[in-house]
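Participant: Coordinates in start_39.txt, compact mmCIF, C-alpha atoms, are listed below.
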```
# COMPACT_ATOMS: atom_id res chain seq x y z
CA MET K 1 -78.66 28.50 41.85
CA THR K 2 -76.99 31.71 43.02
CA ARG K 3 -73.24 31.97 43.09
CA TRP K 4 -73.25 31.59 46.88
CA THR K 5 -75.34 28.43 46.77
CA THR K 6 -73.06 26.86 44.16
CA ASP K 7 -70.11 27.89 46.25
CA ALA K 8 -71.58 26.27 49.39
CA ARG K 9 -72.17 22.99 47.54
CA SER K 10 -68.62 22.94 46.20
CA ARG K 11 -67.19 23.74 49.62
CA LEU K 12 -69.22 20.91 51.18
CA GLU K 13 -68.08 18.47 48.47
CA ARG K 14 -64.45 19.37 49.01
CA ALA K 15 -64.77 19.23 52.81
CA ALA K 16 -66.37 15.78 52.54
CA VAL K 17 -63.59 14.27 50.41
CA ASP K 18 -60.96 15.87 52.66
CA LEU K 19 -62.49 14.59 55.90
CA TYR K 20 -63.41 11.14 54.58
CA LEU K 21 -59.77 10.68 53.54
CA GLU K 22 -58.36 12.14 56.77
CA ARG K 23 -60.67 10.53 59.33
CA GLY K 24 -62.62 7.87 57.48
CA TYR K 25 -66.17 7.92 56.10
CA ALA K 26 -67.75 6.08 59.02
CA GLU K 27 -66.05 8.35 61.56
CA THR K 28 -67.08 11.67 60.00
CA THR K 29 -70.28 13.44 61.06
CA VAL K 30 -72.35 15.93 59.09
CA ALA K 31 -71.56 18.45 61.84
CA ALA K 32 -67.83 18.01 61.15
CA LEU K 33 -68.38 18.37 57.37
CA ALA K 34 -70.32 21.59 57.82
CA GLU K 35 -67.73 22.97 60.24
CA ARG K 36 -64.84 22.18 57.85
CA ALA K 37 -66.71 24.01 55.07
CA GLY K 38 -67.34 26.99 57.36
CA LEU K 39 -71.10 26.43 57.17
CA THR K 40 -73.87 25.31 59.50
CA GLU K 41 -75.41 21.85 59.66
CA ARG K 42 -78.69 23.46 58.58
CA THR K 43 -77.03 24.68 55.39
CA TYR K 44 -75.59 21.22 54.82
CA PHE K 45 -79.04 19.64 54.96
CA ARG K 46 -80.38 22.21 52.48
CA HIS K 47 -77.98 20.70 49.93
CA PHE K 48 -77.71 17.01 50.85
CA PRO K 49 -79.98 14.64 52.82
CA ASP K 50 -77.11 12.73 54.44
CA LYS K 51 -73.35 12.29 54.44
CA ARG K 52 -73.45 9.81 51.55
CA GLU K 53 -75.13 12.01 48.93
CA VAL K 54 -72.43 14.69 49.04
CA LEU K 55 -70.22 12.16 47.19
CA PHE K 56 -72.82 11.96 44.40
CA ALA K 57 -73.46 15.70 44.13
CA ASN K 58 -72.98 15.84 40.36
CA GLU K 59 -75.04 12.83 39.41
CA GLU K 60 -78.19 14.74 38.48
CA THR K 61 -76.32 17.37 36.47
CA LEU K 62 -74.54 14.66 34.48
CA ARG K 63 -77.76 12.74 33.97
CA ALA K 64 -79.48 15.83 32.59
CA ALA K 65 -76.49 16.57 30.33
CA LEU K 66 -76.57 12.98 29.04
CA ALA K 67 -80.27 13.26 28.17
CA ALA K 68 -79.84 16.69 26.54
CA ALA K 69 -76.91 15.55 24.40
CA VAL K 70 -78.96 12.64 23.03
CA ALA K 71 -81.98 14.90 22.43
CA GLU K 72 -79.85 17.39 20.49
CA ALA K 73 -77.56 14.97 18.60
CA PRO K 74 -77.49 15.81 14.86
CA ASP K 75 -77.52 12.18 13.68
CA GLY K 76 -80.50 10.06 14.70
CA ASP K 77 -79.12 6.51 14.34
CA VAL K 78 -78.79 4.62 17.62
CA ARG K 79 -75.00 4.41 17.47
CA SER K 80 -74.59 8.19 17.00
CA LEU K 81 -77.17 8.94 19.69
CA VAL K 82 -75.44 6.79 22.31
CA ARG K 83 -72.04 8.19 21.40
CA ALA K 84 -73.32 11.76 21.68
CA GLY K 85 -74.59 11.06 25.19
CA LEU K 86 -71.48 9.23 26.39
CA ASP K 87 -69.15 11.84 24.88
CA GLU K 88 -70.95 14.61 26.75
CA VAL K 89 -70.54 12.83 30.11
CA ALA K 90 -66.87 12.14 29.33
CA ARG K 91 -66.23 15.81 28.44
CA ARG K 92 -67.79 16.93 31.73
CA LEU K 93 -65.77 14.42 33.78
CA GLN K 94 -62.46 15.40 32.13
CA PRO K 95 -61.67 18.52 34.24
CA ARG K 96 -62.53 16.66 37.46
CA HIS K 97 -59.74 14.05 37.26
CA ALA K 98 -57.93 15.10 40.46
CA GLU K 99 -61.12 15.30 42.51
CA LEU K 100 -62.39 11.92 41.23
CA VAL K 101 -59.03 10.23 41.89
CA ARG K 102 -59.31 11.35 45.52
CA ARG K 103 -62.96 10.25 45.73
CA GLY K 104 -62.27 6.74 44.31
CA PRO K 105 -60.84 4.97 47.38
CA ILE K 106 -63.56 6.41 49.63
CA VAL K 107 -66.29 4.80 47.50
CA ALA K 108 -64.28 1.58 47.04
CA GLY K 109 -63.85 1.25 50.80
CA HIS K 110 -67.54 1.09 51.75
CA PRO K 111 -70.11 -1.38 50.45
CA ASP K 112 -72.98 1.10 50.79
CA LEU K 113 -71.09 3.66 48.67
CA GLN K 114 -70.30 1.00 46.07
CA GLU K 115 -74.01 0.13 45.96
CA ARG K 116 -74.86 3.80 45.54
CA GLU K 117 -72.39 3.93 42.62
CA LEU K 118 -74.15 0.95 40.99
CA ILE K 119 -77.50 2.72 41.42
CA LYS K 120 -76.03 5.81 39.73
CA LEU K 121 -74.91 3.76 36.72
CA ALA K 122 -78.28 1.99 36.53
CA SER K 123 -80.01 5.37 36.59
CA TRP K 124 -77.78 6.65 33.75
CA THR K 125 -78.59 3.51 31.76
CA THR K 126 -82.32 4.15 32.14
CA THR K 127 -81.88 7.83 31.23
CA LEU K 128 -79.84 6.97 28.14
CA ARG K 129 -82.33 4.30 27.04
CA ASP K 130 -85.30 6.67 27.45
CA ALA K 131 -83.51 9.48 25.60
CA VAL K 132 -82.71 7.16 22.69
CA VAL K 133 -86.32 5.90 22.60
CA ALA K 134 -87.50 9.52 22.51
CA ARG K 135 -85.51 9.90 19.27
CA GLY K 136 -87.60 7.12 17.69
CA VAL K 137 -85.44 4.03 18.29
CA ASP K 138 -87.30 0.87 19.36
CA GLU K 139 -87.11 0.06 23.05
CA ALA K 140 -85.28 -3.31 22.74
CA THR K 141 -82.45 -1.80 20.67
CA ALA K 142 -82.28 1.27 22.91
CA ALA K 143 -82.09 -0.86 26.08
CA LEU K 144 -79.23 -2.94 24.67
CA ALA K 145 -77.30 0.07 23.39
CA ALA K 146 -77.72 1.96 26.67
CA ALA K 147 -76.65 -1.00 28.83
CA VAL K 148 -73.48 -1.69 26.87
CA GLY K 149 -72.77 2.02 26.40
CA ILE K 150 -72.84 2.82 30.12
CA ALA K 151 -70.86 -0.36 30.91
CA VAL K 152 -68.14 0.78 28.47
CA LEU K 153 -68.18 4.34 29.87
CA ASP K 154 -67.68 2.96 33.39
CA VAL K 155 -64.71 0.82 32.30
CA ALA K 156 -63.19 3.72 30.34
CA ALA K 157 -63.60 6.10 33.30
CA ARG K 158 -61.90 3.63 35.66
CA ARG K 159 -58.98 3.25 33.24
CA TRP K 160 -58.73 7.02 32.92
CA LEU K 161 -58.71 7.50 36.71
CA ALA K 162 -55.87 4.99 36.97
CA GLY K 163 -53.82 7.12 34.54
CA THR K 164 -52.36 10.59 34.45
CA PRO K 165 -54.54 13.75 34.70
CA ASP K 166 -53.79 14.76 31.12
CA ALA K 167 -55.13 11.50 29.67
CA ASP K 168 -58.07 12.17 27.36
CA LEU K 169 -61.23 10.43 28.60
CA VAL K 170 -63.17 10.99 25.35
CA ALA K 171 -60.39 9.31 23.36
CA GLY K 172 -60.23 6.51 25.94
CA LEU K 173 -63.99 6.06 25.68
CA HIS K 174 -63.79 5.76 21.89
CA ASP K 175 -60.99 3.18 22.19
CA ALA K 176 -63.06 1.19 24.71
CA LEU K 177 -66.16 1.32 22.48
CA ALA K 178 -64.15 0.02 19.51
CA GLY K 179 -62.52 -2.63 21.72
CA ALA K 180 -65.90 -3.78 23.04
CA GLY K 181 -67.23 -3.97 19.47
CA ASP K 182 -64.32 -6.23 18.50
CA LEU K 183 -64.88 -8.44 21.57
CA LEU K 184 -68.58 -8.87 20.91
CA GLY K 185 -68.85 -8.79 17.12
CA ALA K 186 -68.98 -11.73 14.77
CA MET P 1 -75.83 -30.63 50.56
CA THR P 2 -77.99 -33.62 51.42
CA ARG P 3 -81.21 -34.22 49.59
CA TRP P 4 -83.22 -32.93 52.57
CA THR P 5 -81.23 -29.75 52.80
CA THR P 6 -81.67 -29.07 49.09
CA ASP P 7 -85.35 -29.81 49.46
CA ALA P 8 -85.70 -27.37 52.37
CA ARG P 9 -84.01 -24.60 50.39
CA SER P 10 -86.26 -25.16 47.40
CA ARG P 11 -89.35 -25.19 49.60
CA LEU P 12 -88.30 -21.95 51.26
CA GLU P 13 -87.63 -20.32 47.87
CA ARG P 14 -91.04 -21.35 46.57
CA ALA P 15 -92.79 -20.27 49.78
CA ALA P 16 -91.08 -16.88 49.59
CA VAL P 17 -92.17 -16.14 46.01
CA ASP P 18 -95.70 -17.33 46.80
CA LEU P 19 -96.06 -15.20 49.94
CA TYR P 20 -94.34 -12.10 48.53
CA LEU P 21 -96.82 -12.17 45.64
CA GLU P 22 -99.83 -12.90 47.85
CA ARG P 23 -99.16 -10.56 50.76
CA GLY P 24 -96.32 -8.29 49.68
CA TYR P 25 -92.61 -8.43 50.44
CA ALA P 26 -92.71 -5.82 53.21
CA GLU P 27 -95.67 -7.53 54.91
CA THR P 28 -94.19 -11.04 55.00
CA THR P 29 -92.18 -12.25 58.00
CA VAL P 30 -89.55 -14.99 58.11
CA ALA P 31 -91.88 -16.83 60.54
CA ALA P 32 -94.61 -16.85 57.88
CA LEU P 33 -92.16 -18.06 55.20
CA ALA P 34 -90.98 -20.92 57.39
CA GLU P 35 -94.55 -21.87 58.28
CA ARG P 36 -95.66 -21.90 54.63
CA ALA P 37 -92.70 -24.18 53.80
CA GLY P 38 -93.60 -26.47 56.71
CA LEU P 39 -90.30 -25.70 58.43
CA THR P 40 -89.13 -23.85 61.54
CA GLU P 41 -87.70 -20.35 61.66
CA ARG P 42 -84.48 -21.91 62.93
CA THR P 43 -84.23 -24.00 59.76
CA TYR P 44 -84.90 -20.88 57.67
CA PHE P 45 -81.97 -19.07 59.26
CA ARG P 46 -79.69 -22.03 58.61
CA HIS P 47 -80.25 -21.37 54.89
CA PHE P 48 -80.70 -17.60 54.58
CA PRO P 49 -79.67 -14.69 56.83
CA ASP P 50 -82.83 -12.64 56.13
CA LYS P 51 -85.97 -12.51 54.01
CA ARG P 52 -84.17 -10.80 51.12
CA GLU P 53 -81.51 -13.44 50.42
CA VAL P 54 -84.02 -16.21 49.73
CA LEU P 55 -84.74 -14.37 46.43
CA PHE P 56 -81.04 -14.64 45.52
CA ALA P 57 -80.62 -18.27 46.56
CA ASN P 58 -79.02 -19.38 43.26
CA GLU P 59 -76.56 -16.53 42.87
CA GLU P 60 -73.54 -18.38 44.26
CA THR P 61 -74.22 -21.54 42.27
CA LEU P 62 -74.47 -19.54 39.05
CA ARG P 63 -71.35 -17.57 39.91
CA ALA P 64 -69.39 -20.77 40.46
CA ALA P 65 -70.75 -22.24 37.20
CA LEU P 66 -69.74 -19.07 35.34
CA ALA P 67 -66.19 -19.28 36.67
CA ALA P 68 -65.92 -23.03 35.97
CA ALA P 69 -67.16 -22.64 32.38
CA VAL P 70 -64.49 -20.02 31.68
CA ALA P 71 -61.78 -22.13 33.35
CA GLU P 72 -62.70 -25.16 31.23
CA ALA P 73 -63.45 -23.43 27.91
CA PRO P 74 -61.56 -25.16 25.05
CA ASP P 75 -60.64 -21.92 23.23
CA GLY P 76 -58.54 -19.41 25.14
CA ASP P 77 -59.27 -16.18 23.25
CA VAL P 78 -61.17 -13.57 25.26
CA ARG P 79 -64.27 -13.68 23.06
CA SER P 80 -64.61 -17.47 23.38
CA LEU P 81 -63.94 -17.36 27.12
CA VAL P 82 -66.65 -14.78 27.78
CA ARG P 83 -69.14 -16.61 25.57
CA ALA P 84 -68.44 -19.91 27.35
CA GLY P 85 -69.22 -18.28 30.71
CA LEU P 86 -72.35 -16.45 29.57
CA ASP P 87 -73.69 -19.50 27.72
CA GLU P 88 -73.36 -21.60 30.86
CA VAL P 89 -75.38 -19.10 32.93
CA ALA P 90 -78.01 -18.88 30.17
CA ARG P 91 -78.32 -22.67 30.00
CA ARG P 92 -78.85 -22.86 33.75
CA LEU P 93 -81.48 -20.10 33.74
CA GLN P 94 -83.45 -21.67 30.85
CA PRO P 95 -85.46 -24.25 32.90
CA ARG P 96 -86.30 -21.59 35.53
CA HIS P 97 -88.37 -19.33 33.26
CA ALA P 98 -91.69 -19.72 35.13
CA GLU P 99 -90.09 -19.17 38.54
CA LEU P 100 -88.12 -16.13 37.36
CA VAL P 101 -91.18 -14.58 35.69
CA ARG P 102 -92.97 -14.75 39.05
CA ARG P 103 -89.93 -13.37 40.89
CA GLY P 104 -89.51 -10.38 38.54
CA PRO P 105 -92.25 -8.05 39.84
CA ILE P 106 -91.24 -8.70 43.46
CA VAL P 107 -87.70 -7.46 42.81
CA ALA P 108 -88.92 -4.60 40.59
CA GLY P 109 -91.26 -3.40 43.33
CA HIS P 110 -88.66 -2.75 46.03
CA PRO P 111 -85.61 -0.50 45.76
CA ASP P 112 -83.56 -2.61 48.17
CA LEU P 113 -84.21 -5.72 46.05
CA GLN P 114 -83.29 -3.82 42.88
CA GLU P 115 -80.05 -2.76 44.58
CA ARG P 116 -79.36 -6.36 45.56
CA GLU P 117 -79.91 -7.34 41.91
CA LEU P 118 -77.35 -4.73 40.81
CA ILE P 119 -74.88 -6.09 43.37
CA LYS P 120 -75.42 -9.59 41.96
CA LEU P 121 -74.62 -8.41 38.44
CA ALA P 122 -71.54 -6.50 39.66
CA SER P 123 -70.37 -9.62 41.44
CA TRP P 124 -70.80 -11.72 38.28
CA THR P 125 -68.84 -9.09 36.33
CA THR P 126 -65.94 -9.37 38.79
CA THR P 127 -66.08 -13.18 38.71
CA LEU P 128 -66.09 -13.23 34.91
CA ARG P 129 -63.20 -10.74 34.72
CA ASP P 130 -61.10 -12.72 37.20
CA ALA P 131 -61.83 -16.02 35.43
CA VAL P 132 -60.77 -14.51 32.08
CA VAL P 133 -57.60 -13.06 33.65
CA ALA P 134 -56.82 -16.51 35.08
CA ARG P 135 -56.78 -17.79 31.48
CA GLY P 136 -53.98 -15.34 30.66
CA VAL P 137 -55.89 -12.36 29.24
CA ASP P 138 -54.67 -8.90 30.32
CA GLU P 139 -56.76 -7.24 33.02
CA ALA P 140 -57.89 -4.21 30.97
CA THR P 141 -59.27 -6.36 28.14
CA ALA P 142 -60.84 -8.81 30.60
CA ALA P 143 -62.55 -5.99 32.55
CA LEU P 144 -64.04 -4.52 29.38
CA ALA P 145 -65.20 -7.89 28.04
CA ALA P 146 -66.73 -8.89 31.38
CA ALA P 147 -68.58 -5.58 31.82
CA VAL P 148 -70.16 -5.61 28.37
CA GLY P 149 -70.75 -9.38 28.52
CA ILE P 150 -72.74 -9.24 31.76
CA ALA P 151 -74.61 -6.11 30.56
CA VAL P 152 -75.68 -7.99 27.42
CA LEU P 153 -76.64 -11.10 29.43
CA ASP P 154 -78.85 -8.96 31.67
CA VAL P 155 -80.63 -7.35 28.68
CA ALA P 156 -81.04 -10.75 26.98
CA ALA P 157 -82.46 -12.31 30.18
CA ARG P 158 -84.98 -9.47 30.58
CA ARG P 159 -86.13 -9.91 26.97
CA TRP P 160 -86.42 -13.65 27.49
CA LEU P 161 -88.49 -13.20 30.67
CA ALA P 162 -90.86 -10.91 28.75
CA GLY P 163 -91.44 -13.70 26.20
CA THR P 164 -92.87 -17.20 26.20
CA PRO P 165 -91.37 -20.03 28.33
CA ASP P 166 -90.16 -21.93 25.26
CA ALA P 167 -88.04 -19.01 24.01
CA ASP P 168 -84.36 -19.99 23.88
CA LEU P 169 -82.22 -17.80 26.15
CA VAL P 170 -78.90 -19.00 24.71
CA ALA P 171 -80.07 -18.04 21.20
CA GLY P 172 -81.39 -14.71 22.52
CA LEU P 173 -78.05 -14.08 24.22
CA HIS P 174 -76.16 -14.71 20.97
CA ASP P 175 -78.50 -12.35 19.09
CA ALA P 176 -77.96 -9.67 21.74
CA LEU P 177 -74.17 -10.11 21.64
CA ALA P 178 -74.19 -9.73 17.86
CA GLY P 179 -76.54 -6.74 18.12
CA ALA P 180 -74.32 -5.07 20.72
CA GLY P 181 -71.28 -5.67 18.51
CA ASP P 182 -73.02 -3.90 15.62
CA LEU P 183 -74.04 -0.99 17.85
CA LEU P 184 -70.53 -0.48 19.20
CA GLY P 185 -68.27 -1.45 16.31
CA ALA P 186 -66.68 0.84 13.80
```
Would you write the structure of this file as C-alpha cells?

Facilitator:
Amino acid sequence: MTRWTTDARSRLERAAVDLYLERGYAETTVAALAERAGLTERTYFRHFPDKREVLFANEETLRAALAAAVAEAPDGDVRSLVRAGLDEVARRLQPRHAELVRRGPIVAGHPDLQERELIKLASWTTTLRDAVVARGVDEATAALAAAVGIAVLDVAARRWLAGTPDADLVAGLHDALAGAGDLLGA
Amino acid sequence: MTRWTTDARSRLERAAVDLYLERGYAETTVAALAERAGLTERTYFRHFPDKREVLFANEETLRAALAAAVAEAPDGDVRSLVRAGLDEVARRLQPRHAELVRRGPIVAGHPDLQERELIKLASWTTTLRDAVVARGVDEATAALAAAVGIAVLDVAARRWLAGTPDADLVAGLHDALAGAGDLLGA
C-alpha cells in the first residue's frame, strides 16, 4: 500500500469511530463516513465493503502477524508456539489502547457487530491452530491449545481495555495464561 | 410443556435434520419441514421463529442446566464450580451423539449457522461466568474460567463427535481440561 492509501484507510477508521459514537452506528451512512474523512464514497468502497468492516480493518494484518510469529518462533513446543503468536498480537494491540477503548461500546451496542467480533476470534483460533500444526504439532493438541489461547487473549484484552492506557497487555496476557493454567490444571 | 408439545418439537427437529441433509438447508422451506413432521406451518412457528432455530432447539435447556449445576455444586471453589457446569452439559450431550453427528455437517456448511453456533458458545460463556459470580467468585476470575472452560468443552465435544458413539464425553472433557492446563501452566 502507498502512503496515501494507508492514510485513507486510517482516516476512514477514525471517521467511523467518531461518527458511530456521535450519531450512532445504525444512523450513520457510508456517504457520511466518506465525507467526514474528506474522501469520496467510491474511495470508501475501495477499502471496505460496508460500514461494518471499517471497525475490523486490522483483523487481517493481525491474523497474518499471528501466523508469522508462530512460523518464526525459535522454540517448537506447542506452549512456546502459542505464546509466540499471542504475544505478537498483544504487542501490536498495545499502542492502540485509546482507539480500542473508543471502539468497544460501539461493538457492544450492536448484536451484528458482536457476532462479527466472535467470527474474528474464531478465525484467529483457526489461524493459530493451522500455524501450530505447520510446525509439526498434532492437530488435536494444536486445536486445544489454539482454542484456549485465543480465549485467554480475549479475556486479557478486555481486562486491559478496562484499565489505564499504560497497562501492559503482554504482562496481562501472561498473568491470564498462568491463571487459566491454575484454574484448569490438576 | 405437555407431552404433545414436546413430541411436536422433537418431530420438527428430526424432520429438519433429515430434510437439510436430503435437500440442503438453503433449499428447504418451513412448509416442507412442517409437512415432513406431519404438522402445520402454524404449529412450526409456535415452536421456532425460523428454519435456523430448529437446529438450536436445545440451547436454552442446556444453558439452564449449566447454570443450575453451578448453583447446586457442593464445592464452591472456582475450579469445582466450572467443572460441575461443564460436566452437566457433557452428560446431557452424551445420549445425543448420533443426532449431533448428523447435525454437524449442516452447521459446518453454512456461515450463518456457524455464526449462530459461535453465539451459542458465547452465551454459554456468559451464563457460566454469571453462575460462578453468583457463588461468590470475583468477576475477573469467573470470566477467565468460563472462557477457557467453554473453549475446552467445545474442543472436547468436537473430538467426541469425530469418534464412536460409545466414547465418553465426560471423560474426554476431563482429559481436555487436564491437557489445556498442561499447555497453559507454568

Participant: Interatomic distance between atom CA of P:Leu169 and atom CA of P:Ala151?

Facilitator: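 Computed distance, atom CA of P:Leu169 to atom CA of P:Ala151, equals 14.6 Å.
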
Participant: With a distance threshold of 6 Å and counting all atoms listed in the file, extract the residues of chain P near chain K and express them as a short mmCIF file (atom, residue, chain, number, x, y, z; two decimals) with C-alpha atoms, keeping the file's coordinate frame.

Facilitator:
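Listing of iface.cif after writing:
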```
data_model
loop_
_atom_site.label_atom_id
_atom_site.label_comp_id
_atom_site.auth_asym_id
_atom_site.auth_seq_id
_atom_site.Cartn_x
_atom_site.Cartn_y
_atom_site.Cartn_z
CA ARG P 79 -64.27 -13.68 23.06
CA ALA P 147 -68.58 -5.58 31.82
CA VAL P 148 -70.16 -5.61 28.37
CA ALA P 151 -74.61 -6.11 30.56
CA LEU P 177 -74.17 -10.11 21.64
CA ALA P 178 -74.19 -9.73 17.86
CA GLY P 181 -71.28 -5.67 18.51
CA LEU P 183 -74.04 -0.99 17.85
CA LEU P 184 -70.53 -0.48 19.20
CA GLY P 185 -68.27 -1.45 16.31
#
```

Participant: Around all the atoms of stretch 116-124 of chain K listed in the file, draw an axis-aligned box and extend it by 3 Å on each of the six sides; I want its centre and edge lengths in Å to one decimal, as lines of an AutoDock Vina configuration file.

Facilitator:
```
center_x = -76.2
center_y = 3.8
center_z = 39.6
size_x = 13.6
size_y = 11.7
size_z = 17.8
```

Participant: Atom CA of P:Leu128 and atom CA of P:Ile106 are how many Å apart?

Facilitator: 26.9 Å

Participant: List as a ChimeraX atom specification the protein and nucleic acid residues near P:Val107, meaning an atom at most 12 Å away when only C-alpha atoms are counted, but skip any in the same chain fewer than 6 places from it.

Facilitator: /P:17,20-21,24-26,52-56,100-101,113-118

Participant: Restricting the calculation to all atoms listed in the file: of P:Asp130, P:Ala65, P:Ser10, P:Ala108, which residue gets closest to P:Asp87?

Facilitator: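 Residue with the minimum atom-to-atom distance to P:Asp87: P:Ala65.
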
Participant: Interatomic distance between atom CA of P:Leu81 and atom CA of P:Val132?

Facilitator: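 Result for atom CA of P:Leu81 versus atom CA of P:Val132: 6.5 Å, one decimal.
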
Participant: Write out as a PyMOL selection string each polymer residue whose atoms come within 9 Å of stretch 27-34 of chain K, counting only C-alpha atoms; drop sequence neighbours fewer than 2 positions from it.

Facilitator: chain K and resi 12-13+15-16+19-20+23-25+36-45+50-51
